[in-house]
Structure formats: structure tokens, C-alpha cells
$ cat work.csv   # CSV, C-alpha atoms and all ligand atoms
chain,number,residue,atom,x,y,z
A,29,MET,CA,11.9,-22.4,33.5
A,30,THR,CA,11.4,-18.6,33.6
A,31,ARG,CA,8.4,-17.5,35.6
A,32,LYS,CA,5.9,-15.9,33.1
A,33,LEU,CA,4.9,-12.7,34.9
A,34,PHE,CA,2.9,-11.6,31.8
A,35,HIS,CA,0.5,-14.4,32.5
A,36,GLU,CA,0.2,-13.6,36.2
A,37,ASN,CA,-0.3,-9.9,35.8
A,38,VAL,CA,-0.8,-8.7,32.3
A,39,TYR,CA,-0.6,-5.1,33.4
A,40,LEU,CA,2.9,-5.4,34.9
A,41,LYS,CA,5.1,-2.8,33.3
A,42,GLU,CA,8.2,-2.8,35.6
A,43,PHE,CA,9.8,-5.7,37.5
A,44,THR,CA,13.1,-6.8,39.0
A,45,ALA,CA,14.8,-10.0,37.8
A,46,ASN,CA,18.0,-12.0,38.1
A,47,ILE,CA,19.9,-12.9,35.0
A,48,LEU,CA,20.5,-16.6,35.1
A,49,LYS,CA,22.3,-17.1,31.8
A,50,ILE,CA,24.0,-15.0,29.1
A,51,ARG,CA,24.9,-16.4,25.8
A,52,GLU,CA,26.8,-14.3,23.3
A,53,LYS,CA,26.6,-15.0,19.6
A,54,GLU,CA,27.6,-12.8,16.7
A,55,GLY,CA,27.6,-9.6,18.7
A,56,LYS,CA,24.2,-10.2,20.3
A,57,TYR,CA,23.5,-11.3,23.9
A,58,TYR,CA,20.8,-13.8,24.7
A,59,LEU,CA,19.6,-13.3,28.3
A,60,VAL,CA,17.6,-15.8,30.4
A,61,LEU,CA,15.9,-14.3,33.4
A,62,ASP,CA,14.4,-16.0,36.5
A,63,GLN,CA,11.1,-14.2,35.8
A,64,THR,CA,9.9,-11.9,33.0
A,65,ALA,CA,7.1,-9.6,31.9
A,66,PHE,CA,8.5,-9.6,28.4
A,67,TYR,CA,6.1,-11.5,26.1
A,68,PRO,CA,8.0,-13.7,23.6
A,69,GLU,CA,6.8,-13.7,20.0
A,70,GLY,CA,4.1,-16.4,19.5
A,71,GLY,CA,0.5,-17.2,18.6
A,72,GLY,CA,0.3,-14.3,16.1
A,73,GLN,CA,1.3,-11.7,18.8
A,74,PRO,CA,4.6,-9.9,18.3
A,75,HIS,CA,7.2,-9.8,21.1
A,76,ASP,CA,7.6,-7.0,23.6
A,77,LEU,CA,10.3,-4.4,23.6
A,78,GLY,CA,11.8,-2.5,26.5
A,79,TRP,CA,14.8,-2.4,28.8
A,80,ILE,CA,16.7,-4.9,31.0
A,81,GLY,CA,18.9,-2.6,33.2
A,82,ASN,CA,20.9,-0.5,30.7
A,83,CYS,CA,20.3,-2.9,27.8
A,84,GLU,CA,17.6,-2.2,25.2
A,85,VAL,CA,15.7,-5.4,24.3
A,86,ALA,CA,15.5,-5.9,20.6
A,87,TYR,CA,13.8,-9.3,20.4
A,88,VAL,CA,12.2,-11.9,22.7
A,89,PHE,CA,11.5,-15.5,21.8
A,90,GLU,CA,10.7,-18.8,23.5
A,91,GLU,CA,12.6,-22.0,22.6
A,92,ASN,CA,12.2,-25.3,24.4
A,93,GLY,CA,10.5,-23.7,27.3
A,94,GLN,CA,13.2,-21.0,27.7
A,95,ILE,CA,12.5,-17.3,27.1
A,96,TYR,CA,15.5,-15.5,25.5
A,97,HIS,CA,15.8,-11.7,25.6
A,98,VAL,CA,18.1,-10.4,22.8
A,99,THR,CA,20.2,-7.3,23.4
A,100,HIS,CA,23.1,-5.6,21.6
A,101,LEU,CA,24.9,-4.8,24.9
A,102,PRO,CA,26.0,-7.0,27.8
A,103,PRO,CA,24.2,-6.3,31.1
A,104,GLU,CA,26.1,-4.4,33.7
A,105,LYS,CA,25.2,-6.8,36.6
A,106,PRO,CA,23.4,-10.1,36.9
A,107,ASP,CA,21.3,-9.6,40.1
A,108,HIS,CA,18.3,-7.4,41.0
A,109,VAL,CA,18.2,-5.9,37.5
A,110,LYS,CA,15.4,-3.4,37.0
A,111,CYS,CA,13.4,-4.2,33.9
A,112,ARG,CA,10.7,-2.2,32.0
A,113,ILE,CA,8.6,-3.1,29.1
A,114,ASP,CA,7.4,-0.7,26.3
A,115,TRP,CA,3.9,-0.4,27.6
A,116,ASN,CA,2.4,1.5,24.7
A,117,ARG,CA,3.5,-1.2,22.3
A,118,ARG,CA,2.2,-4.0,24.6
A,119,PHE,CA,-1.1,-2.4,25.3
A,120,ASP,CA,-1.6,-1.9,21.5
A,121,HIS,CA,-0.9,-5.7,21.0
A,122,MET,CA,-3.4,-6.5,23.8
A,123,GLN,CA,-6.1,-4.4,22.2
A,124,GLN,CA,-5.6,-5.9,18.8
A,125,HIS,CA,-5.3,-9.5,20.2
A,126,LEU,CA,-8.4,-9.5,22.3
A,127,GLY,CA,-10.2,-7.7,19.5
A,128,GLN,CA,-9.3,-10.6,17.3
A,129,HIS,CA,-10.8,-13.1,19.7
A,130,LEU,CA,-14.0,-11.1,19.7
A,131,LEU,CA,-14.2,-10.7,15.9
A,132,SER,CA,-13.4,-14.4,15.4
A,133,ALA,CA,-16.2,-15.3,18.0
A,134,ALA,CA,-18.6,-13.1,16.1
A,135,PHE,CA,-17.7,-14.7,12.7
A,136,GLU,CA,-18.3,-18.1,14.3
A,137,LYS,CA,-21.6,-17.2,16.0
A,138,LEU,CA,-23.1,-15.5,13.0
A,139,PHE,CA,-21.8,-17.4,10.0
A,140,ASP,CA,-20.2,-20.5,11.5
A,141,ALA,CA,-16.9,-19.3,9.9
A,142,LYS,CA,-13.7,-20.5,11.5
A,143,THR,CA,-10.6,-18.3,11.9
A,144,VAL,CA,-7.7,-20.1,10.3
A,145,GLY,CA,-5.0,-17.3,10.3
A,146,PHE,CA,-4.1,-14.3,12.4
A,147,HIS,CA,-1.5,-11.7,11.6
A,148,LEU,CA,-0.7,-8.7,13.9
A,149,GLY,CA,1.7,-6.4,12.2
A,150,THR,CA,2.9,-2.9,12.9
A,151,GLU,CA,0.5,-1.5,10.1
A,152,TYR,CA,-2.0,-4.2,9.5
A,153,VAL,CA,-4.0,-6.7,11.5
A,154,THR,CA,-5.7,-9.5,9.6
A,155,ILE,CA,-7.6,-12.7,10.2
A,156,ASP,CA,-8.4,-15.4,7.6
A,157,VAL,CA,-11.9,-16.8,7.9
A,158,THR,CA,-13.5,-19.7,6.2
A,159,LEU,CA,-16.0,-17.7,4.2
A,160,GLU,CA,-15.8,-18.0,0.4
A,161,GLU,CA,-17.3,-14.6,0.0
A,162,MET,CA,-18.4,-11.9,2.4
A,163,SER,CA,-21.0,-9.2,1.6
A,164,PRO,CA,-20.8,-5.7,3.1
A,165,MET,CA,-24.0,-6.5,5.1
A,166,GLN,CA,-22.2,-9.6,6.7
A,167,ALA,CA,-19.2,-7.5,7.5
A,168,GLU,CA,-21.4,-4.9,9.2
A,169,LYS,CA,-23.2,-7.6,11.2
A,170,VAL,CA,-19.9,-9.2,12.4
A,171,GLU,CA,-18.5,-5.8,13.3
A,172,TYR,CA,-21.6,-4.8,15.2
A,173,LEU,CA,-21.7,-8.0,17.3
A,174,ALA,CA,-17.9,-7.8,18.1
A,175,ASN,CA,-18.4,-4.2,19.3
A,176,GLN,CA,-21.4,-5.3,21.4
A,177,PHE,CA,-19.0,-7.7,23.2
A,178,VAL,CA,-16.8,-4.6,23.8
A,179,MET,CA,-19.5,-2.4,25.0
A,180,ASN,CA,-20.9,-5.0,27.4
A,181,ASN,CA,-17.4,-4.8,29.1
A,182,LEU,CA,-17.2,-8.5,29.7
A,183,GLN,CA,-14.7,-10.2,32.0
A,184,VAL,CA,-11.8,-11.9,30.4
A,185,LYS,CA,-10.4,-14.8,32.4
A,186,GLN,CA,-7.6,-17.3,31.9
A,187,LEU,CA,-8.4,-20.9,32.8
A,188,TYR,CA,-6.1,-23.9,33.3
A,189,PRO,CA,-8.7,-26.6,33.2
A,190,ASP,CA,-8.1,-30.3,34.0
A,191,ALA,CA,-8.7,-32.8,31.2
A,192,GLU,CA,-12.3,-33.5,32.4
A,193,THR,CA,-13.3,-29.8,32.5
A,194,LEU,CA,-11.5,-29.2,29.2
A,195,GLU,CA,-13.8,-31.8,27.6
A,196,LYS,CA,-16.9,-29.9,28.6
A,197,LEU,CA,-15.7,-26.4,27.5
A,198,PRO,CA,-17.2,-25.2,24.1
A,199,LEU,CA,-13.8,-24.4,22.6
A,200,ARG,CA,-13.8,-22.3,19.4
A,201,LYS,CA,-10.7,-24.2,18.2
A,202,PRO,CA,-8.6,-27.1,19.5
A,203,PRO,CA,-5.5,-26.4,21.6
A,204,LYS,CA,-2.1,-26.6,19.9
A,205,VAL,CA,-0.3,-27.8,23.1
A,206,LYS,CA,-0.9,-31.0,25.1
A,207,GLU,CA,0.1,-29.7,28.6
A,208,ASN,CA,-0.6,-26.6,30.7
A,209,ILE,CA,-3.5,-25.8,28.3
A,210,ARG,CA,-4.5,-22.2,28.8
A,211,ILE,CA,-8.0,-21.1,27.9
A,212,ILE,CA,-9.0,-17.5,27.4
A,213,GLU,CA,-12.7,-17.1,28.4
A,214,VAL,CA,-14.7,-14.1,27.5
A,215,ASP,CA,-17.5,-14.3,30.0
A,216,GLN,CA,-19.3,-17.4,28.7
A,217,VAL,CA,-19.3,-16.0,25.2
A,218,ASP,CA,-16.0,-17.4,23.9
A,219,TYR,CA,-13.5,-20.0,24.9
A,220,SER,CA,-10.2,-20.1,23.0
A,221,PRO,CA,-6.9,-21.8,23.8
A,222,CYS,CA,-4.3,-19.0,23.7
A,223,GLY,CA,-0.9,-18.1,25.2
A,224,GLY,CA,-1.1,-14.3,24.4
A,225,THR,CA,-1.8,-11.3,26.5
A,226,HIS,CA,-5.3,-9.8,26.7
A,227,PRO,CA,-6.9,-7.0,28.8
A,228,SER,CA,-9.1,-8.2,31.7
A,229,GLN,CA,-12.2,-6.5,30.5
A,230,THR,CA,-13.4,-6.3,26.9
A,231,GLY,CA,-14.1,-2.6,27.2
A,232,GLU,CA,-10.4,-1.9,27.0
A,233,VAL,CA,-10.3,-3.1,23.4
A,234,GLY,CA,-12.2,0.1,22.3
A,235,LEU,CA,-13.6,0.3,18.8
A,236,ILE,CA,-13.2,-2.7,16.5
A,237,LYS,CA,-13.3,-1.6,12.9
A,238,ILE,CA,-13.2,-3.8,9.8
A,239,ARG,CA,-11.3,-1.8,7.1
A,240,LYS,CA,-11.6,-4.1,4.1
A,241,TRP,CA,-11.4,-7.7,3.0
A,242,GLU,CA,-10.4,-9.8,0.0
A,243,LYS,CA,-10.8,-13.3,-1.3
A,244,ILE,CA,-7.8,-15.5,-1.0
A,245,ARG,CA,-7.8,-19.1,-2.2
A,246,GLY,CA,-11.4,-19.8,-1.2
A,247,ILE,CA,-11.3,-18.0,2.1
A,248,THR,CA,-11.6,-14.3,3.1
A,249,ARG,CA,-8.8,-12.2,4.6
A,250,VAL,CA,-10.3,-9.5,6.8
A,251,GLU,CA,-8.3,-6.4,7.8
A,252,PHE,CA,-9.3,-4.7,11.0
A,253,LEU,CA,-8.1,-2.3,13.7
A,254,CYS,CA,-8.9,-2.0,17.4
A,255,GLY,CA,-8.6,0.7,20.0
A,256,ASN,CA,-6.1,3.4,19.5
A,257,ARG,CA,-5.3,2.1,16.0
A,258,ALA,CA,-8.9,2.4,15.0
A,259,LEU,CA,-9.0,5.9,16.5
A,260,LYS,CA,-6.0,7.0,14.4
A,261,ASP,CA,-7.6,5.5,11.3
A,262,TYR,CA,-10.8,7.5,12.1
A,263,HIS,CA,-8.7,10.6,12.5
A,264,TRP,CA,-7.1,10.7,9.1
A,265,LYS,CA,-10.2,9.5,7.4
A,266,ASN,CA,-12.3,12.2,9.0
A,267,HIS,CA,-9.7,14.8,8.1
A,268,GLN,CA,-9.7,13.7,4.5
A,269,ILE,CA,-13.5,13.6,4.2
A,270,ASN,CA,-13.7,17.1,5.7
A,271,ALA,CA,-11.0,18.4,3.3
A,272,ILE,CA,-12.7,16.8,0.3
A,273,SER,CA,-16.1,18.2,1.3
A,274,ASN,CA,-14.6,21.7,1.6
A,275,LEU,CA,-12.9,21.4,-1.8
A,276,LEU,CA,-16.1,20.3,-3.4
A,277,SER,CA,-18.4,22.5,-1.3
A,278,VAL,CA,-20.7,19.6,-0.5
A,279,LYS,CA,-21.8,18.0,2.8
A,280,ASP,CA,-19.5,15.3,4.1
A,281,MET,CA,-22.2,12.7,3.5
A,282,ASP,CA,-22.4,13.7,-0.1
A,283,VAL,CA,-18.7,13.5,-1.1
A,284,GLN,CA,-18.9,10.1,-2.8
A,285,SER,CA,-21.7,11.1,-5.2
A,286,ALA,CA,-19.9,14.5,-5.8
A,287,VAL,CA,-16.6,12.7,-6.7
A,288,GLU,CA,-18.5,10.3,-8.9
A,289,ARG,CA,-20.1,13.2,-10.8
A,290,ILE,CA,-16.7,14.9,-11.2
A,291,CYS,CA,-15.1,11.7,-12.5
A,292,SER,CA,-17.8,11.3,-15.1
A,293,GLU,CA,-17.6,14.9,-16.2
A,294,ASN,CA,-13.8,14.6,-16.4
A,295,HIS,CA,-14.3,11.5,-18.6
A,296,SER,CA,-16.6,13.3,-21.0
A,297,LEU,CA,-14.4,16.4,-21.1
A,298,LYS,CA,-11.4,14.4,-22.1
A,299,LYS,CA,-13.4,12.8,-24.9
A,300,ASP,CA,-14.5,16.3,-26.1
A,301,ILE,CA,-10.9,17.6,-26.0
A,302,ARG,CA,-9.8,14.6,-28.0
A,303,ASN,CA,-12.4,15.2,-30.6
A,304,LEU,CA,-11.7,18.9,-30.8
A,305,LYS,CA,-8.0,18.3,-31.2
A,306,GLU,CA,-8.6,16.0,-34.0
A,307,GLN,CA,-10.9,18.5,-35.7
A,308,PHE,CA,-8.3,21.2,-35.2
A,309,ILE,CA,-5.6,19.1,-36.7
A,310,ASP,CA,-7.8,18.4,-39.8
A,311,TYR,CA,-8.3,22.1,-40.1
A,312,GLU,CA,-4.6,22.9,-39.6
A,313,ALA,CA,-3.7,20.3,-42.3
A,314,ALA,CA,-6.2,21.9,-44.8
A,315,MET,CA,-4.7,25.3,-44.1
A,316,LEU,CA,-1.1,24.0,-44.6
A,317,HIS,CA,-2.1,22.2,-47.8
A,318,GLY,CA,-3.4,25.6,-49.1
A,319,ASP,CA,-0.1,27.4,-48.2
A,320,ALA,CA,2.2,24.7,-49.5
A,321,GLU,CA,5.2,25.5,-51.7
A,322,THR,CA,5.1,23.6,-55.0
A,323,LEU,CA,8.0,22.1,-56.8
A,324,GLY,CA,6.6,20.8,-60.1
A,325,PRO,CA,3.8,18.3,-59.1
A,326,VAL,CA,5.1,18.0,-55.5
A,327,LYS,CA,3.7,20.1,-52.6
A,328,ILE,CA,6.2,20.8,-49.8
A,329,ILE,CA,4.9,21.9,-46.4
A,330,ARG,CA,7.6,23.4,-44.2
A,331,LYS,CA,6.6,24.7,-40.8
A,332,ILE,CA,8.0,25.3,-37.3
A,333,PHE,CA,5.7,25.3,-34.3
A,334,ASP,CA,6.3,26.6,-30.9
A,335,GLN,CA,6.0,24.0,-28.1
A,336,LYS,CA,3.7,21.7,-30.0
A,337,ASP,CA,3.0,18.3,-28.5
A,338,PHE,CA,5.1,15.8,-30.5
A,339,ALA,CA,2.3,13.2,-30.8
A,340,GLU,CA,0.1,16.0,-32.3
A,341,LEU,CA,2.9,16.9,-34.7
A,342,ARG,CA,3.2,13.3,-35.8
A,343,LEU,CA,-0.6,13.1,-36.3
A,344,LEU,CA,-0.5,16.3,-38.3
A,345,ALA,CA,2.3,14.9,-40.5
A,346,THR,CA,0.4,11.7,-41.1
A,347,LYS,CA,-2.7,13.7,-42.1
A,348,LEU,CA,-0.7,15.9,-44.5
A,349,VAL,CA,0.9,13.1,-46.4
A,350,SER,CA,-2.3,11.0,-46.7
A,351,GLN,CA,-2.8,13.0,-49.9
A,352,PRO,CA,-0.6,12.2,-52.9
A,353,ASN,CA,2.5,14.2,-53.8
A,354,VAL,CA,3.1,15.8,-50.5
A,355,VAL,CA,6.3,16.2,-48.4
A,356,ALA,CA,6.0,17.5,-44.8
A,357,LEU,CA,9.0,19.0,-43.1
A,358,LEU,CA,7.8,19.9,-39.6
A,359,GLY,CA,9.6,21.1,-36.5
A,360,THR,CA,8.7,22.1,-33.0
A,361,LYS,CA,10.8,23.6,-30.2
A,362,ASP,CA,10.6,24.4,-26.5
A,363,GLU,CA,13.2,25.8,-24.1
A,364,ASN,CA,15.6,22.9,-24.3
A,365,LYS,CA,14.8,20.8,-27.4
A,366,ALA,CA,14.1,21.0,-31.1
A,367,GLN,CA,12.3,18.1,-32.7
A,368,ILE,CA,11.7,17.4,-36.4
A,369,ILE,CA,9.5,15.0,-38.5
A,370,PHE,CA,10.1,14.4,-42.2
A,371,SER,CA,7.3,12.6,-43.9
A,372,ARG,CA,6.1,12.0,-47.5
A,373,SER,CA,3.2,10.5,-49.4
A,374,LYS,CA,3.4,6.9,-50.4
A,375,ASP,CA,3.5,7.7,-54.2
A,376,LEU,CA,6.8,9.6,-53.8
A,377,GLU,CA,10.2,8.0,-53.8
A,378,ILE,CA,12.3,10.4,-51.7
A,379,PRO,CA,13.9,8.4,-48.8
A,380,MET,CA,13.1,10.4,-45.7
A,381,HIS,CA,15.4,8.4,-43.4
A,382,HIS,CA,18.4,9.4,-45.6
A,383,LEU,CA,17.3,13.0,-45.6
A,384,PHE,CA,16.9,12.9,-41.8
A,385,LYS,CA,20.4,11.4,-41.4
A,386,GLU,CA,21.9,14.3,-43.4
A,387,ILE,CA,20.0,17.0,-41.6
A,388,SER,CA,19.8,15.9,-38.0
A,389,PRO,CA,23.4,16.8,-37.1
A,390,MET,CA,22.5,20.4,-37.7
A,391,ILE,CA,20.3,20.3,-34.5
A,392,ASN,CA,22.6,17.8,-32.7
A,393,GLY,CA,19.7,15.4,-33.3
A,394,LYS,CA,19.2,11.7,-32.6
A,395,GLY,CA,16.5,9.6,-34.1
A,396,GLY,CA,15.7,7.8,-37.4
A,397,GLY,CA,12.9,6.2,-39.3
A,398,ASN,CA,12.1,4.6,-42.7
A,399,PRO,CA,11.8,5.7,-46.3
A,400,GLN,CA,8.4,7.2,-45.6
A,401,ILE,CA,8.8,8.9,-42.2
A,402,ALA,CA,11.7,9.8,-39.9
A,403,GLN,CA,11.8,11.8,-36.7
A,404,GLY,CA,14.1,12.9,-33.9
A,405,GLY,CA,15.3,15.7,-31.6
A,406,GLY,CA,18.3,17.6,-30.5
A,407,ASN,CA,19.5,20.5,-28.4
A,408,ASN,CA,20.6,23.0,-31.1
A,409,LEU,CA,17.5,25.2,-31.2
A,410,GLU,CA,19.0,28.0,-33.2
A,411,ASN,CA,19.6,25.8,-36.2
A,412,LEU,CA,16.1,24.5,-36.5
A,413,GLU,CA,15.0,26.9,-39.2
A,414,LYS,CA,18.2,26.4,-41.2
A,415,ALA,CA,17.8,22.6,-40.9
A,416,LEU,CA,14.4,22.7,-42.5
A,417,GLU,CA,15.6,25.1,-45.2
A,418,THR,CA,18.5,22.8,-46.1
A,419,ALA,CA,16.1,19.8,-46.2
A,420,TYR,CA,13.9,21.8,-48.6
A,421,SER,CA,16.8,22.6,-50.9
A,422,MET,CA,18.0,19.0,-50.9
A,423,ILE,CA,14.5,17.8,-52.0
A,424,ALA,CA,14.3,20.5,-54.6
A,425,GLU,CA,17.6,19.2,-56.0
A,426,GLN,CA,16.3,15.6,-56.1
A,427,ILE,CA,13.1,16.5,-57.8
A,428,SER,CA,14.6,18.8,-60.5
A,501,ZN,ZN,-5.3,-14.6,22.5

$ encode --input "work.csv" --output "C-alpha cells"
Amino acid sequence: MTRKLFHENVYLKEFTANILKIREKEGKYYLVLDQTAFYPEGGGQPHDLGWIGNCEVAYVFEENGQIYHVTHLPPEKPDHVKCRIDWNRRFDHMQQHLGQHLLSAAFEKLFDAKTVGFHLGTEYVTIDVTLEEMSPMQAEKVEYLANQFVMNNLQVKQLYPDAETLEKLPLRKPPKVKENIRIIEVDQVDYSPCGGTHPSQTGEVGLIKIRKWEKIRGITRVEFLCGNRALKDYHWKNHQINAISNLLSVKDMDVQSAVERICSENHSLKKDIRNLKEQFIDYEAAMLHGDAETLGPVKIIRKIFDQKDFAELRLLATKLVSQPNVVALLGTKDENKAQIIFSRSKDLEIPMHHLFKEISPMINGKGGGNPQIAQGGGNNLENLEKALETAYSMIAEQIS
């Protein structure tokens, strides 16, 4: 069995080891050492990374009591190999992991809530606790107590108690293994069976910050950050709050109410614009009715707009033909596209989709419709005027 240096001295960053076994499989090398400071994935804590001699370690896992270090290169020599773990990564895991013990202890002490899940990812750290709901006030209390454990800088010890002693310990949860049970004690505050790596004083965890939580199948998933991760989180949040407060020219404490005010103003402005647009279209429709060309009893409205929103154009067409005996031949163009709508009142019998089919090739148009309304667009902008003129002549022929 490999000697677990990470349990003897959690701060060991460099060590020398002998490689006892190398197994090659699918281009990867599985190295077994006589001793290791590389923590293998387990108990919610991710594995360490680092170097064994010239080989970069990609993954570390434990199987049947053996710890395997996975590399993409074979080692140069088997004996007295210098090894080094990625300490920044490990220390981050230690901060998050002990922070989790403290947060779980606080949940249990304050609300008798058990921790039933733990995930330590590169971005997120979460625990699942047996609370159906959690109020912001409860979250604040838990966070406060967990941070008191940190600030009191309590001793963190590892115990290997015999069966009799184990019986007497107030364990937060039962051990998962039967032998060599390892208990992490936070100075008479918390006793938890765990095989992970933890700093020896709670102060090293730094700030513990709950970010948010959600209900999941009757329990609560709590997302939190510790130490340097919490500091980074504070960095960008502070930066954004300062930027928003500058933009809005309000104090940082007042940004929320200022943003709420802007959102509600924006909402009512949008409503005003919608109403004004509709009024404007009514007015525009009345003007166009007044200027319409007449062919016997039929009024024909022919008009090309510059960069008119197509939805507005459609609304205008609908308003125009809501009166009897009206045909609307409308177009709009921007830099790349010409669009047309042909529409008529219900009482007329001119098939607009047929008309559109005849006319649309003039603007290289695609589209279609039904006897009452047809629409589409194309890229031949120069021909737009001619297209509407031709449509007008064809209707004139049909009516006469
Ligand atoms: Zn632990």
C-alpha cells in the first residue's frame, strides 16, 4: 500500500518517491509510488495535479487500496523521483473542503439540517442540506456562525479512534468505511469522518460566503465559496456595483432601488411608445385614405416608405383595408432589401396572392399569401417603384 503523505503532512508540496509499478493502457501510464502527496479523487474532493519527475500528472485515483497516478508520458527513471504537487490547486481544495465542514456544522447546529451531498467543482461548490426551504435570514445566520468558526481560528485535528472511543464521539454523520476510520475534529465543535485534506487551523479557510440556493426535490442546494474564491467573487461584484453606481450617479448602497426605478420607467415608456405608434398609424391610414387614387368605386393606395419596420407596414395595411373597397399596395426598402405587401378589403374579389406572384419577380422577391393579403421581399431595390406601378395597372385592367 502506498504511504499517504497527504495525511501525514497536508502541507507537503514536494517529495521524493520510488515508482513501484507502471501499467500502460491506451497511451496512458498508471504509476504506483511507494509514497505520495498526491490526493486521489474522493469524498467530494477532486484529485491533485502536478509532476512526477518529467511527467505531468493528469489524474489521480484510488482503487482497491492502490493509488494510481495517470500520466501521458513514461517516467525517465523509477527510483528517487522528485515529485511536486500543484499547491495552488490543492490549497484551494483545502479551503473549500474545510469550509464545507464548517458550513455543514453550522446548518446542523442551528437548524438540525443534515448535509447529504457535496460537490467541489472548478467553478461551483455546493452542499445539499435537508431543509425544505431556506429563508435569507436563515442563510445569513448559518453564514455568520460558519465564519465565527473561521475567525476563532480553531485547531483541526485528525483522529484514528478505536471502536470504544468512536462510540463516544458526537459524529455529524456515520463513517462510510469500517476500518481505519479517520475523524476530522474541529476543536470540539465538529466531528466528521473524512478522508480529504484540510488546513490545520480554521483561519486558513478565509471568508465563507453563501452565493445562492435553490430547492431541489424537497431539499436545498446551497452554493458557496471560501477563501481566495470568495475574494475573487467579491472583486468582480464590487467592480460591477461601483461601475453601475457610476453609470447611474447613485451611491453603491442605492443601486438596486435605482435600477428598479429605471426598469419601471422603461416599462411605462415602452407602453407609451406602443400607444403612440398605434395612434400614428391610425393617423397615417386616414391621410392615405384621403390621398387614395380611385378606380370607379375602388380606392387604391400606393406608397413606398423608406426603412419602415415591416410589422408596422403590415399593421398599416390591415388598418387601410378594414374599410370597404380598398386595395393597399405598400412597399418599403432599406440598403439591401425591398419588401412589399398587397392587401384588399374583404368585399373585393381581386386575388392578392396571384397578383403578388406576378409582380414579385420584378424585385427578385420571395414570399406569398392568400387571396386577401400577400407579402414578401427581394434584393432588386431599383424596381420597387416599377413593381407597384405594374400592380396598379393590373388591378386597373381587372376592375375595368
Ligand atoms: Zn473533509

$ residues_near_ligand --input "work.csv" --ligand "ligand ZN 501 (chain A)" --cutoff "6 Å" --atoms "all atoms listed in the file" --output "compact mmCIF listing (two decimals) with C-alpha atoms, keeping the file's coordinate frame"
# COMPACT_ATOMS: atom_id res chain seq x y z
CA HIS A 125 -5.30 -9.50 20.20
CA LEU A 126 -8.40 -9.50 22.30
CA CYS A 222 -4.30 -19.00 23.70
CA GLY A 224 -1.10 -14.30 24.40

$ residues_around --input "work.csv" --residues "segment 53-69 of chain A" --least-positions-apart "3" --cutoff "6 Å" --atoms "only C-alpha atoms" --output "VMD selection string"
chain A and resid 30 to 34 45 to 50 73 to 76 88 to 90 96 to 100

$ residues_around --input "work.csv" --residues "Ala339 of chain A" --least-positions-apart "5" --cutoff "12 Å" --atoms "only C-alpha atoms" --output "list in words"
Lys305, Glu306, Ile309, Leu344, Ala345, Thr346, Thr360, Gln367, Ile368, Ile369 and Gln403 of chain A

$ closest_atom_pairs --input "work.csv" --of "segment 131-234 of chain A" --to "segment 248-252 of chain A" --cutoff "12 Å" --atoms "only C-alpha atoms" --output "tab-separated table"
residue	atom	partner	partner_atom	distance
A:Leu131	CA	A:Phe252	CA	9.2
A:Ser132	CA	A:Val250	CA	10.4
A:Phe135	CA	A:Val250	CA	10.8
A:Ala141	CA	A:Thr248	CA	10.0
A:Lys142	CA	A:Thr248	CA	10.6
A:Thr143	CA	A:Arg249	CA	9.7
A:Val144	CA	A:Arg249	CA	9.8
A:Gly145	CA	A:Arg249	CA	8.5
A:Phe146	CA	A:Arg249	CA	9.3
A:His147	CA	A:Glu251	CA	9.4
A:Leu148	CA	A:Phe252	CA	9.9
A:Gly149	CA	A:Glu251	CA	10.9
A:Glu151	CA	A:Glu251	CA	10.3
A:Tyr152	CA	A:Glu251	CA	6.9
A:Val153	CA	A:Glu251	CA	5.7
A:Thr154	CA	A:Glu251	CA	4.4
A:Ile155	CA	A:Val250	CA	5.4
A:Asp156	CA	A:Arg249	CA	4.4
A:Val157	CA	A:Thr248	CA	5.4
A:Thr158	CA	A:Thr248	CA	6.5
A:Leu159	CA	A:Thr248	CA	5.7
A:Glu160	CA	A:Thr248	CA	6.2
A:Glu161	CA	A:Thr248	CA	6.5
A:Met162	CA	A:Thr248	CA	7.2
A:Ser163	CA	A:Thr248	CA	10.8
A:Pro164	CA	A:Val250	CA	11.8
A:Gln166	CA	A:Val250	CA	11.9
A:Ala167	CA	A:Val250	CA	9.1
A:Val170	CA	A:Val250	CA	11.1
A:Glu171	CA	A:Phe252	CA	9.5
A:Ala174	CA	A:Phe252	CA	11.6

$ closest_residue --input "work.csv" --among "A:Leu358, A:Ile211, A:Ala134, A:Ala424" --to "Ile236 of chain A" --atoms "only C-alpha atoms"
A:Ala134

$ closest_residue --input "work.csv" --among "A:Val354, A:Leu383, A:Val287, A:His295" --to "Ile272 of chain A" --atoms "all atoms listed in the file"
A:Val287

$ closest_residue --input "work.csv" --among "A:Asp107, A:Glu232, A:Glu321, A:Glu288" --to "Asn175 of chain A" --atoms "all atoms listed in the file"
A:Glu232

$ atom_distance --input "work.csv" --atom1 "atom CA of Asn82 of chain A" --atom2 "atom CA of Leu101 of chain A"
8.3 Å

$ residues_around --input "work.csv" --residues "Asp114 of chain A" --least-positions-apart "4" --cutoff "12 Å" --atoms "all atoms listed in the file" --output "PyMOL selection string"
chain A and resi 39-42+65-67+75-80+84-86+118-121

$ residues_around --input "work.csv" --residues "segment 184-186 of chain A" --least-positions-apart "6" --cutoff "8 Å" --atoms "only C-alpha atoms" --output "VMD selection string"
chain A and resid 210 to 215 226 to 230

$ closest_residue --input "work.csv" --among "A:Lys327, A:Lys361, A:Lys298, A:His317" --to "Asn407 of chain A" --atoms "all atoms listed in the file"
A:Lys361

$ residues_around --input "work.csv" --residues "Gln216 of chain A" --least-positions-apart "6" --cutoff "12 Å" --atoms "all atoms listed in the file" --output "PyMOL selection string"
chain A and resi 133+177+182-185+197-200

$ write_last_selection --input "work.csv" --atoms "C-alpha atoms" --output "mmCIF file, in the coordinates of the input"
data_model
loop_
_atom_site.group_PDB
_atom_site.id
_atom_site.type_symbol
_atom_site.label_atom_id
_atom_site.label_comp_id
_atom_site.auth_asym_id
_atom_site.auth_seq_id
_atom_site.Cartn_x
_atom_site.Cartn_y
_atom_site.Cartn_z
ATOM 1 C CA ALA A 133 -16.200 -15.300 18.000
ATOM 2 C CA PHE A 177 -19.000 -7.700 23.200
ATOM 3 C CA LEU A 182 -17.200 -8.500 29.700
ATOM 4 C CA GLN A 183 -14.700 -10.200 32.000
ATOM 5 C CA VAL A 184 -11.800 -11.900 30.400
ATOM 6 C CA LYS A 185 -10.400 -14.800 32.400
ATOM 7 C CA LEU A 197 -15.700 -26.400 27.500
ATOM 8 C CA PRO A 198 -17.200 -25.200 24.100
ATOM 9 C CA LEU A 199 -13.800 -24.400 22.600
ATOM 10 C CA ARG A 200 -13.800 -22.300 19.400
#

$ atom_distance --input "work.csv" --atom1 "atom CA of Ile427 of chain A" --atom2 "atom CA of Ser373 of chain A"
14.3 Å

$ residues_near_point --input "work.csv" --point "(18.0, 13.3, -48.0)" --cutoff "10 Å" --atoms "all atoms listed in the file" --output "PyMOL selection string"
chain A and resi 370+378-387+399+418-423+425-426

$ atom_distance --input "work.csv" --atom1 "atom CA of Gln400 of chain A" --atom2 "atom CA of Asp362 of chain A"
25.8 Å

$ closest_residue --input "work.csv" --among "A:Lys110, A:His35, A:Asn392, A:Asp310" --to "Tyr188 of chain A" --atoms "only C-alpha atoms"
A:His35
